[in-house]
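Shown here: structure.txt, compact mmCIF, C-alpha atoms.
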# COMPACT_ATOMS: atom_id res chain seq x y z
CA MET Y 1 0.00 0.00 0.00
CA SER Y 2 1.39 3.43 -0.95
CA GLU Y 3 2.38 5.99 1.65
CA ASN Y 4 -0.64 8.16 1.02
CA LYS Y 5 -3.05 5.20 1.47
CA THR Y 6 -1.98 3.95 4.87
CA PRO Y 7 -4.48 2.66 7.43
CA LEU Y 8 -4.44 3.79 11.04
CA GLU Y 9 -2.39 1.46 13.24
CA GLN Y 10 -2.35 3.04 16.70
CA LEU Y 11 -4.53 5.65 18.36
CA THR Y 12 -4.42 7.71 21.56
CA VAL Y 13 -7.48 9.78 22.53
CA GLU Y 14 -7.83 11.85 25.69
CA GLY Y 15 -10.86 13.95 26.60
CA PHE Y 16 -13.04 13.48 23.51
CA LYS Y 17 -16.69 13.11 24.50
CA SER Y 18 -17.03 9.89 26.56
CA ILE Y 19 -13.48 8.80 25.73
CA GLN Y 20 -11.56 10.06 28.75
CA SER Y 21 -8.39 8.09 28.08
CA LEU Y 22 -7.60 5.61 25.32
CA GLN Y 23 -3.87 4.94 25.19
CA ASP Y 24 -1.92 3.46 22.28
CA PHE Y 25 -4.91 1.43 21.08
CA LYS Y 26 -4.07 -0.95 18.23
CA LEU Y 27 -6.30 -1.19 15.18
CA THR Y 28 -6.22 -4.05 12.67
CA ASN Y 29 -7.68 -4.49 9.20
CA LEU Y 30 -11.10 -5.42 10.61
CA ASN Y 31 -12.48 -3.72 13.73
CA VAL Y 32 -16.05 -4.37 14.93
CA LEU Y 33 -17.14 -2.25 17.92
CA ILE Y 34 -19.99 -3.62 20.04
CA GLY Y 35 -21.52 -2.34 23.27
CA GLY Y 36 -24.65 -0.99 24.88
CA ASN Y 37 -26.39 2.27 24.01
CA GLY Y 38 -24.31 5.20 25.17
CA ALA Y 39 -21.17 3.12 25.71
CA GLY Y 40 -19.15 5.27 23.31
CA LYS Y 41 -19.14 3.41 20.00
CA SER Y 42 -20.63 6.31 18.05
CA ASN Y 43 -18.26 8.75 19.75
CA PHE Y 44 -15.34 6.67 18.49
CA ILE Y 45 -16.78 6.85 14.97
CA GLU Y 46 -17.49 10.59 15.32
CA LEU Y 47 -13.84 11.20 16.16
CA PHE Y 48 -12.97 10.20 12.60
CA ARG Y 49 -15.65 12.53 11.25
CA MET Y 50 -14.01 15.40 13.11
CA ILE Y 51 -10.51 14.49 11.93
CA SER Y 52 -11.76 14.18 8.36
CA SER Y 53 -13.38 17.63 8.62
CA MET Y 54 -10.11 19.11 9.86
CA MET Y 55 -8.39 18.24 6.58
CA ARG Y 56 -10.00 21.19 4.80
CA VAL Y 57 -9.81 24.91 5.56
CA GLY Y 58 -12.63 25.92 7.89
CA GLY Y 59 -13.66 22.30 8.38
CA LEU Y 60 -13.12 22.12 12.13
CA LYS Y 61 -15.19 25.25 12.78
CA GLU Y 62 -17.95 23.93 10.54
CA PHE Y 63 -17.93 20.60 12.36
CA ILE Y 64 -17.95 22.05 15.90
CA GLN Y 65 -20.57 24.76 15.20
CA SER Y 66 -19.86 26.85 18.32
CA ASN Y 67 -20.43 23.83 20.56
CA ALA Y 68 -16.93 22.88 21.71
CA ASP Y 69 -18.00 22.17 25.30
CA ALA Y 70 -20.10 19.22 24.09
CA TYR Y 71 -16.95 17.51 22.78
CA LEU Y 72 -15.02 17.66 26.06
CA PHE Y 73 -15.24 14.74 28.49
CA GLY Y 74 -17.40 15.95 31.37
CA GLY Y 75 -17.39 19.52 30.02
CA ILE Y 76 -14.79 22.25 30.15
CA LYS Y 77 -14.51 22.27 33.95
CA GLN Y 78 -13.35 18.67 33.96
CA THR Y 79 -11.48 18.55 30.64
CA PRO Y 80 -9.62 21.68 29.50
CA LYS Y 81 -8.37 20.13 26.24
CA ILE Y 82 -8.58 17.15 23.90
CA HIS Y 83 -5.43 15.27 22.92
CA ILE Y 84 -5.21 13.05 19.82
CA LYS Y 85 -2.21 11.05 18.58
CA MET Y 86 -2.27 8.75 15.55
CA LEU Y 87 0.43 6.47 14.11
CA PHE Y 88 0.26 5.02 10.60
CA GLY Y 89 2.97 3.55 8.42
CA GLN Y 90 6.10 5.70 8.69
CA ASN Y 91 4.16 8.73 9.89
CA GLY Y 92 2.36 10.08 12.92
CA TYR Y 93 0.24 13.11 13.71
CA GLU Y 94 -0.90 14.59 17.01
CA PHE Y 95 -2.57 17.73 18.30
CA GLU Y 96 -4.54 19.25 21.14
CA LEU Y 97 -7.87 21.06 20.91
CA ALA Y 98 -8.44 23.89 23.39
CA PRO Y 99 -11.89 25.52 23.60
CA THR Y 100 -12.32 29.22 22.95
CA GLU Y 101 -14.81 31.56 24.64
CA ASP Y 102 -17.04 31.58 21.57
CA GLY Y 103 -17.38 27.78 21.51
CA PHE Y 104 -14.79 26.77 18.91
CA PHE Y 105 -11.42 25.01 19.21
CA LEU Y 106 -7.88 26.25 18.78
CA ILE Y 107 -5.36 23.68 17.59
CA ASN Y 108 -2.34 23.56 19.90
CA ALA Y 109 0.78 21.38 20.21
CA GLU Y 110 0.35 20.26 16.61
CA LYS Y 111 3.09 17.84 15.60
CA ARG Y 112 3.95 15.71 12.60
CA HIS Y 113 6.12 12.66 13.23
CA TYR Y 114 8.36 10.85 10.75
CA LEU Y 115 8.86 7.50 12.44
CA GLN Y 116 11.47 6.09 10.08
CA ARG Y 117 13.96 8.76 11.13
CA ASN Y 118 12.49 9.30 14.60
CA THR Y 119 11.98 13.00 13.89
CA THR Y 120 9.20 15.35 14.90
CA LYS Y 121 8.21 18.68 13.38
CA ASP Y 122 6.42 21.14 15.66
CA LEU Y 123 3.67 22.81 13.63
CA GLY Y 124 2.75 25.37 16.26
CA ASN Y 125 -0.11 26.55 18.47
CA GLY Y 126 -3.17 28.76 18.37
CA HIS Y 127 -4.65 27.98 14.94
CA PHE Y 128 -8.22 27.35 13.85
CA ASP Y 129 -7.03 25.21 10.93
CA PRO Y 130 -4.23 22.63 11.07
CA GLN Y 131 -0.88 23.98 9.94
CA LEU Y 132 -0.47 20.57 8.32
CA LEU Y 133 -2.59 21.98 5.48
CA LYS Y 134 0.14 24.53 4.74
CA ASP Y 135 3.18 22.47 5.65
CA LYS Y 136 2.22 19.69 3.22
CA ASP Y 137 2.92 22.00 0.27
CA LEU Y 138 6.53 22.71 1.25
CA GLU Y 139 9.33 20.97 -0.60
CA GLY Y 140 10.57 17.74 0.92
CA TYR Y 141 14.13 16.80 1.86
CA ASN Y 142 15.60 15.08 -1.22
CA TYR Y 143 12.04 14.24 -2.34
CA SER Y 144 9.29 16.11 -4.19
CA HIS Y 145 6.94 15.67 -1.21
CA ASN Y 146 7.65 16.14 2.47
CA ALA Y 147 6.42 13.98 5.38
CA SER Y 148 3.47 16.33 5.99
CA TRP Y 149 2.23 15.65 2.46
CA TYR Y 150 2.20 11.90 3.14
CA THR Y 151 0.60 12.47 6.54
CA TYR Y 152 -2.16 14.64 5.08
CA ASN Y 153 -2.92 12.24 2.22
CA ALA Y 154 -2.98 9.24 4.54
CA ILE Y 155 -5.57 10.93 6.78
CA CYS Y 156 -7.64 12.02 3.77
CA ASN Y 157 -7.87 8.35 2.80
CA TRP Y 158 -9.68 7.46 6.04
CA GLN Y 159 -13.27 7.79 4.89
CA PRO Y 160 -16.20 7.92 7.33
CA TYR Y 161 -19.64 7.17 5.90
CA HIS Y 162 -23.04 7.86 7.43
CA PHE Y 163 -26.05 6.57 5.49
CA HIS Y 164 -28.70 6.92 8.21
CA ASP Y 165 -30.66 9.76 6.58
CA THR Y 166 -32.76 8.07 3.92
CA SER Y 167 -35.70 10.47 4.16
CA ILE Y 168 -37.48 11.79 1.10
CA LEU Y 169 -35.38 14.96 1.33
CA ALA Y 170 -32.05 13.13 1.67
CA GLY Y 171 -29.51 13.91 -1.04
CA MET Y 172 -29.25 10.25 -2.04
CA ARG Y 173 -32.88 10.38 -3.28
CA ARG Y 174 -32.67 13.72 -5.06
CA TYR Y 175 -31.15 15.11 -8.25
CA GLN Y 176 -27.42 15.85 -8.13
CA ASP Y 177 -24.93 17.45 -10.48
CA VAL Y 178 -23.58 14.69 -12.73
CA GLY Y 179 -20.08 16.16 -12.32
CA HIS Y 180 -20.01 15.37 -8.59
CA ASN Y 181 -18.59 11.93 -9.23
CA GLU Y 182 -14.96 11.94 -8.15
CA LYS Y 183 -15.63 9.95 -4.98
CA LEU Y 184 -18.62 8.81 -2.95
CA PHE Y 185 -19.64 11.51 -0.49
CA PHE Y 186 -19.85 10.96 3.28
CA ASP Y 187 -23.68 10.72 3.18
CA ALA Y 188 -23.96 9.23 -0.35
CA SER Y 189 -25.72 12.39 -1.52
CA ASN Y 190 -23.94 11.91 -4.87
CA ILE Y 191 -24.72 8.20 -5.22
CA ALA Y 192 -26.31 8.65 -8.66
CA PRO Y 193 -23.43 10.67 -10.21
CA PHE Y 194 -20.91 8.24 -8.68
CA LEU Y 195 -22.67 5.16 -10.05
CA PHE Y 196 -23.02 6.89 -13.42
CA TYR Y 197 -19.26 7.42 -13.41
CA LEU Y 198 -18.63 3.78 -12.49
CA ASN Y 199 -20.91 2.62 -15.30
CA GLN Y 200 -18.92 4.73 -17.75
CA GLN Y 201 -15.37 4.13 -16.48
CA HIS Y 202 -15.39 1.00 -14.30
CA ILE Y 203 -18.01 -1.26 -15.85
CA GLU Y 204 -16.87 -4.48 -14.13
CA CYS Y 205 -17.06 -2.79 -10.76
CA TYR Y 206 -20.50 -1.40 -11.61
CA ARG Y 207 -21.75 -4.85 -12.62
CA ASN Y 208 -20.44 -6.33 -9.40
CA ILE Y 209 -22.39 -3.71 -7.43
CA ILE Y 210 -25.57 -4.46 -9.41
CA GLU Y 211 -25.24 -8.23 -8.91
CA THR Y 212 -24.71 -7.77 -5.16
CA ILE Y 213 -27.75 -5.50 -4.84
CA ARG Y 214 -29.87 -8.14 -6.61
CA LEU Y 215 -28.93 -10.69 -3.93
CA VAL Y 216 -30.78 -8.58 -1.34
CA ILE Y 217 -33.37 -6.86 -3.56
CA PRO Y 218 -34.41 -9.66 -5.95
CA PHE Y 219 -36.94 -7.55 -7.86
CA PHE Y 220 -34.26 -4.96 -8.68
CA ASP Y 221 -32.98 -5.07 -12.27
CA ASP Y 222 -30.68 -2.09 -12.84
CA PHE Y 223 -30.34 1.66 -12.43
CA ILE Y 224 -31.48 4.10 -15.09
CA LEU Y 225 -28.73 6.70 -14.99
CA ARG Y 226 -29.46 9.40 -17.54
CA PRO Y 227 -28.56 13.06 -16.94
CA ASN Y 228 -31.28 15.55 -17.83
CA GLN Y 229 -30.74 18.73 -19.88
CA GLN Y 230 -29.50 20.54 -16.76
CA GLU Y 231 -26.80 17.86 -16.26
CA GLN Y 232 -28.64 16.64 -13.16
CA ILE Y 233 -29.10 12.96 -12.37
CA ARG Y 234 -30.90 10.92 -9.72
CA LEU Y 235 -31.11 7.26 -8.75
CA ASN Y 236 -33.92 6.09 -11.01
CA TRP Y 237 -34.12 2.34 -11.40
CA ARG Y 238 -35.88 -0.47 -13.21
CA GLN Y 239 -37.84 -3.35 -11.67
CA LYS Y 240 -37.64 -6.81 -13.20
CA GLY Y 241 -40.55 -7.42 -15.53
CA LEU Y 242 -41.40 -3.71 -15.77
CA ASN Y 243 -38.78 -2.48 -18.22
CA ASP Y 244 -41.02 0.21 -19.67
CA TYR Y 245 -41.84 1.73 -16.29
CA PRO Y 246 -38.94 3.56 -14.64
CA MET Y 247 -39.01 3.68 -10.85
CA ARG Y 248 -37.97 6.65 -8.74
CA PRO Y 249 -35.58 6.59 -5.75
CA SER Y 250 -38.56 7.38 -3.52
CA GLN Y 251 -39.88 3.91 -4.38
CA LEU Y 252 -36.93 2.23 -2.66
CA SER Y 253 -37.31 1.40 1.04
CA ASP Y 254 -34.97 2.89 3.62
CA GLY Y 255 -33.21 -0.45 4.05
CA ALA Y 256 -32.82 -0.87 0.30
CA MET Y 257 -31.32 2.62 -0.03
CA ARG Y 258 -28.84 1.97 2.76
CA PHE Y 259 -27.81 -1.36 1.29
CA ILE Y 260 -27.23 0.25 -2.13
CA CYS Y 261 -25.03 2.90 -0.51
CA LEU Y 262 -23.13 0.36 1.59
CA THR Y 263 -22.55 -1.92 -1.39
CA THR Y 264 -21.27 0.96 -3.49
CA ALA Y 265 -18.92 2.11 -0.73
CA LEU Y 266 -17.51 -1.36 -0.10
CA LEU Y 267 -17.11 -2.38 -3.75
CA GLN Y 268 -15.88 0.92 -5.17
CA PRO Y 269 -12.63 0.98 -7.15
CA ASN Y 270 -9.73 3.06 -5.83
CA SER Y 271 -11.05 2.39 -2.35
CA PRO Y 272 -10.01 4.42 0.71
CA SER Y 273 -7.33 2.94 2.96
CA THR Y 274 -9.81 3.00 5.86
CA ILE Y 275 -13.59 2.98 5.86
CA ILE Y 276 -15.55 3.91 9.02
CA ILE Y 277 -19.29 3.23 9.38
CA ASP Y 278 -21.67 3.52 12.35
CA GLU Y 279 -24.44 0.88 12.68
CA PRO Y 280 -24.54 -0.29 9.05
CA GLU Y 281 -27.21 -2.90 9.85
CA LEU Y 282 -30.03 -0.35 10.34
CA GLY Y 283 -33.18 -1.35 8.47
CA LEU Y 284 -31.68 -4.49 6.92
CA HIS Y 285 -33.31 -7.92 6.71
CA PRO Y 286 -31.35 -10.73 8.47
CA TYR Y 287 -30.41 -12.21 5.09
CA ALA Y 288 -29.07 -8.83 3.98
CA ILE Y 289 -26.99 -8.64 7.16
CA GLY Y 290 -25.26 -11.88 6.14
CA ILE Y 291 -24.42 -10.46 2.71
CA LEU Y 292 -23.23 -7.24 4.33
CA ALA Y 293 -20.90 -9.17 6.65
CA GLU Y 294 -19.37 -10.94 3.65
CA LEU Y 295 -18.82 -7.56 2.01
CA PHE Y 296 -17.06 -6.25 5.11
CA GLN Y 297 -14.84 -9.32 5.31
CA ALA Y 298 -13.91 -9.06 1.62
CA ALA Y 299 -13.32 -5.31 1.94
CA SER Y 300 -10.98 -5.84 4.91
CA GLU Y 301 -8.59 -7.67 2.57
CA LYS Y 302 -8.00 -4.50 0.55
CA MET Y 303 -8.63 -1.76 3.12
CA GLN Y 304 -9.10 -1.21 6.83
CA VAL Y 305 -12.68 -1.54 8.09
CA ILE Y 306 -13.97 0.09 11.30
CA ILE Y 307 -17.66 -0.38 12.12
CA SER Y 308 -19.87 -0.16 15.18
CA THR Y 309 -22.94 -2.33 15.54
CA GLN Y 310 -25.84 -3.23 17.82
CA SER Y 311 -26.59 -6.44 15.91
CA PRO Y 312 -25.67 -9.87 17.36
CA ALA Y 313 -26.62 -11.30 13.95
CA LEU Y 314 -23.90 -9.23 12.29
CA VAL Y 315 -21.35 -10.05 15.00
CA ASP Y 316 -21.95 -13.77 14.35
CA TYR Y 317 -20.10 -13.49 11.05
CA PHE Y 318 -16.82 -12.21 12.51
CA ASP Y 319 -13.96 -13.77 14.43
CA ALA Y 320 -13.43 -12.93 18.09
CA LYS Y 321 -10.13 -11.19 17.27
CA ASP Y 322 -12.04 -8.68 15.12
CA VAL Y 323 -14.42 -7.59 17.92
CA ILE Y 324 -13.82 -4.66 20.29
CA ILE Y 325 -16.01 -4.46 23.40
CA VAL Y 326 -17.01 -0.94 24.45
CA ASN Y 327 -18.24 -0.40 28.01
CA ARG Y 328 -18.66 2.58 30.33
CA LEU Y 329 -17.06 2.77 33.74
CA HIS Y 330 -17.49 5.87 35.92
CA GLY Y 331 -18.83 7.72 32.88
CA ALA Y 332 -15.86 6.92 30.65
CA SER Y 333 -15.73 4.60 27.63
CA GLU Y 334 -13.41 1.63 27.83
CA PHE Y 335 -12.28 -0.30 24.74
CA LYS Y 336 -11.03 -3.89 24.85
CA ARG Y 337 -10.38 -6.26 21.96
CA LEU Y 338 -11.64 -9.78 22.54
CA ASN Y 339 -9.07 -12.50 23.23
CA PRO Y 340 -10.04 -15.61 21.19
CA ASP Y 341 -8.10 -17.90 23.52
CA GLU Y 342 -10.34 -16.90 26.44
CA LEU Y 343 -13.46 -17.87 24.47
CA THR Y 344 -12.33 -21.18 22.94
CA HIS Y 345 -14.52 -23.29 25.25
CA TRP Y 346 -17.60 -21.10 24.80
CA LEU Y 347 -17.27 -20.93 21.01
CA GLU Y 348 -17.55 -24.71 20.78
CA ASP Y 349 -21.26 -24.37 21.60
CA TYR Y 350 -22.21 -20.76 20.95
CA SER Y 351 -21.67 -18.07 18.34
CA LEU Y 352 -20.20 -14.69 19.19
CA GLY Y 353 -23.62 -13.08 18.85
CA GLU Y 354 -25.12 -15.59 21.28
CA LEU Y 355 -22.32 -14.98 23.78
CA TRP Y 356 -22.98 -11.25 23.52
CA HIS Y 357 -26.72 -11.76 23.94
CA LYS Y 358 -26.10 -13.95 27.01
CA ASN Y 359 -23.66 -11.33 28.38
CA ILE Y 360 -20.84 -13.89 28.46
CA ILE Y 361 -18.87 -11.26 26.64
CA SER Y 362 -19.68 -7.84 28.06
CA GLY Y 363 -21.11 -5.00 26.07
CA HIS Y 364 -24.65 -4.82 27.41
CA PRO Y 365 -26.27 -1.71 28.88
CA SER Y 366 -25.34 -1.61 32.55
CA HIS Y 367 -25.75 0.59 35.61
CA GLU Y 368 -22.58 2.53 36.30
CA LEU Y 369 -20.89 2.80 39.64
CA TYR Y 370 -19.72 6.25 40.69
Please express what this file holds, its structure, as structure tokens.
Amino acid sequence: MSENKTPLEQLTVEGFKSIQSLQDFKLTNLNVLIGGNGAGKSNFIELFRMISSMMRVGGLKEFIQSNADAYLFGGIKQTPKIHIKMLFGQNGYEFELAPTEDGFFLINAEKRHYLQRNTTKDLGNGHFDPQLLKDKDLEGYNYSHNASWYTYNAICNWQPYHFHDTSILAGMRRYQDVGHNEKLFFDASNIAPFLFYLNQQHIECYRNIIETIRLVIPFFDDFILRPNQQEQIRLNWRQKGLNDYPMRPSQLSDGAMRFICLTTALLQPNSPSTIIIDEPELGLHPYAIGILAELFQAASEKMQVIISTQSPALVDYFDAKDVIIVNRLHGASEFKRLNPDELTHWLEDYSLGELWHKNIISGHPSHELY
């Protein structure tokens, strides 16, 4: 894998939402977070949304929206700053976020690490946008690109997706500019332009997506992807046996829309190095969950997969080593990867999902002790 498509290997998080302290946590190619409601799974996923937003000018301010206090563990009186450190390939990146009086964050103690040479570059303090965005454009030492360029591009290849909004007003169901096709957007609001592009430039990939969708939506035949005179396109489709009657995206169920988006994200060409998805099983039939699990497993062979789930049925399809238990203790999220050796006896008679349901492996809602 090239330097600018490097998955995240180790993560330290201090003071972000319910994550009071997560030290040097190792991530593998397949990471399945399970736990009760409010345990902190979604906060872990949201961390990547924030980091992704930071990689464009003004992105952090847009993400925080004058509400910095809500991102601090226990509020500003308990947590004066957030600290993040990430290691990936030969590079590392860390920073602190300090709240301002008007509810935003200043980026302090920003550092870029080059692990191969054990060097660190201090990028400064007191900025609303990462100085990494500027430093990446400086000339490298004996190379056309410097370490900040590789760091920036690696982070930009960690792609969070959030396909929960499937309402009638959601972008995925509406017309979009056909030119918005370079990559699949965070919320799949450009799903039609992106699939149109795949049909034109990556036909084998497009056909693979169509065949996979048919496994879950058997009456589905194909999409009808034709830009109108305004160069706008939406996700019209054709039902088997009704070739002369085009169907609209509003005639797809919420579960069907989510599965189409998930399939496209997981089977896309030029895939991200890391894909991050919160509760992908929402609205899916049990059979569809099995297909989805196979897609995640196949995807993990070419990219890093990080998902959170509430579904024992989905967990059943993964190995114990892939599962991370998230619990809350004294108000703080704790993350622990399962040890397969400790479950050998249990797994002779039960699946992982059954062990979770029976609370043999923790991750259920529980009353906290303070």
Which one of Y:Lys111, Y:His357, Y:His127, Y:His330 sits closest to Lys85 of chain Y if you count only C-alpha atoms?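 Looking at the shortest contact to Lys85 of chain Y, the residue is Y:Lys111.
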Considering all atoms listed in the file, state which residue in the set Y:Ser308, Y:Ser18, Y:Thr166, Y:Gln159 is at the smallest distance from Glu279 of chain Y. Y:Ser308
Pick out the closest residue to Asn190 of chain Y from this set: Y:Leu215, Y:Cys261, Y:Leu252, Y:Ile155. Count all atoms listed in the file. Y:Cys261
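The two atoms in question, atom CA of Ala154 of chain Y and atom CA of Thr6 of chain Y, are spaced 5.4 Å apart.
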For atom CA of Leu355 of chain Y and atom CA of Leu343 of chain Y, determine how far apart the two atoms are, in Å to one decimal place.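 Separating atom CA of Leu355 of chain Y from atom CA of Leu343 of chain Y is a distance of 9.3 Å.
All residues of protein, DNA or RNA that reach within 8 Å of Thr263 of chain Y, judged by only C-alpha atoms and not counting those fewer than 2 positions away in the chain, are Y:Ile209, Y:Thr212, Y:Ile213, Y:Phe259, Y:Ile260, Y:Cys261, Y:Ala265, Y:Leu266, Y:Leu267, Y:Leu292, Y:Leu295.
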Please write the residues from the selection above to a file, keeping C-alpha atoms, as a JSON list (two decimals), in the frame of the given file.
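Below is the file that was written, part_2.json:
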[["chain", "number", "residue", "atom", "x", "y", "z"],
["Y", 209, "ILE", "CA", -22.39, -3.71, -7.43],
["Y", 212, "THR", "CA", -24.71, -7.77, -5.16],
["Y", 213, "ILE", "CA", -27.75, -5.50, -4.84],
["Y", 259, "PHE", "CA", -27.81, -1.36, 1.29],
["Y", 260, "ILE", "CA", -27.23, 0.25, -2.13],
["Y", 261, "CYS", "CA", -25.03, 2.90, -0.51],
["Y", 265, "ALA", "CA", -18.92, 2.11, -0.73],
["Y", 266, "LEU", "CA", -17.51, -1.36, -0.10],
["Y", 267, "LEU", "CA", -17.11, -2.38, -3.75],
["Y", 292, "LEU", "CA", -23.23, -7.24, 4.33],
["Y", 295, "LEU", "CA", -18.82, -7.56, 2.01]]
Near-segment 63-75 of chain Y list (10 Å; all atoms listed in the file; drop same-chain fewer than 4 positions) as a ChimeraX atom specification: /Y:14-21,43,47,49-54,58-59,79-82,97-105,331-332
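When atom CA of Asp165 of chain Y is paired with atom CA of Lys41 of chain Y, their separation reads 18.8 Å.
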Mind giving me the axis-aligned box for segment 24-34 of chain Y with 5 Å on every side, centre plus edges in Å to one decimal, as JSON?
{"center_x": -11.0, "center_y": -1.0, "center_z": 15.7, "size_x": 28.1, "size_y": 18.9, "size_z": 23.1}
Calculated over all atoms listed in the file, which of the candidates Y:Asn157, Y:Ser250, Y:Asn108, Y:Gln268 has the smallest distance to Phe194 of chain Y? Y:Gln268
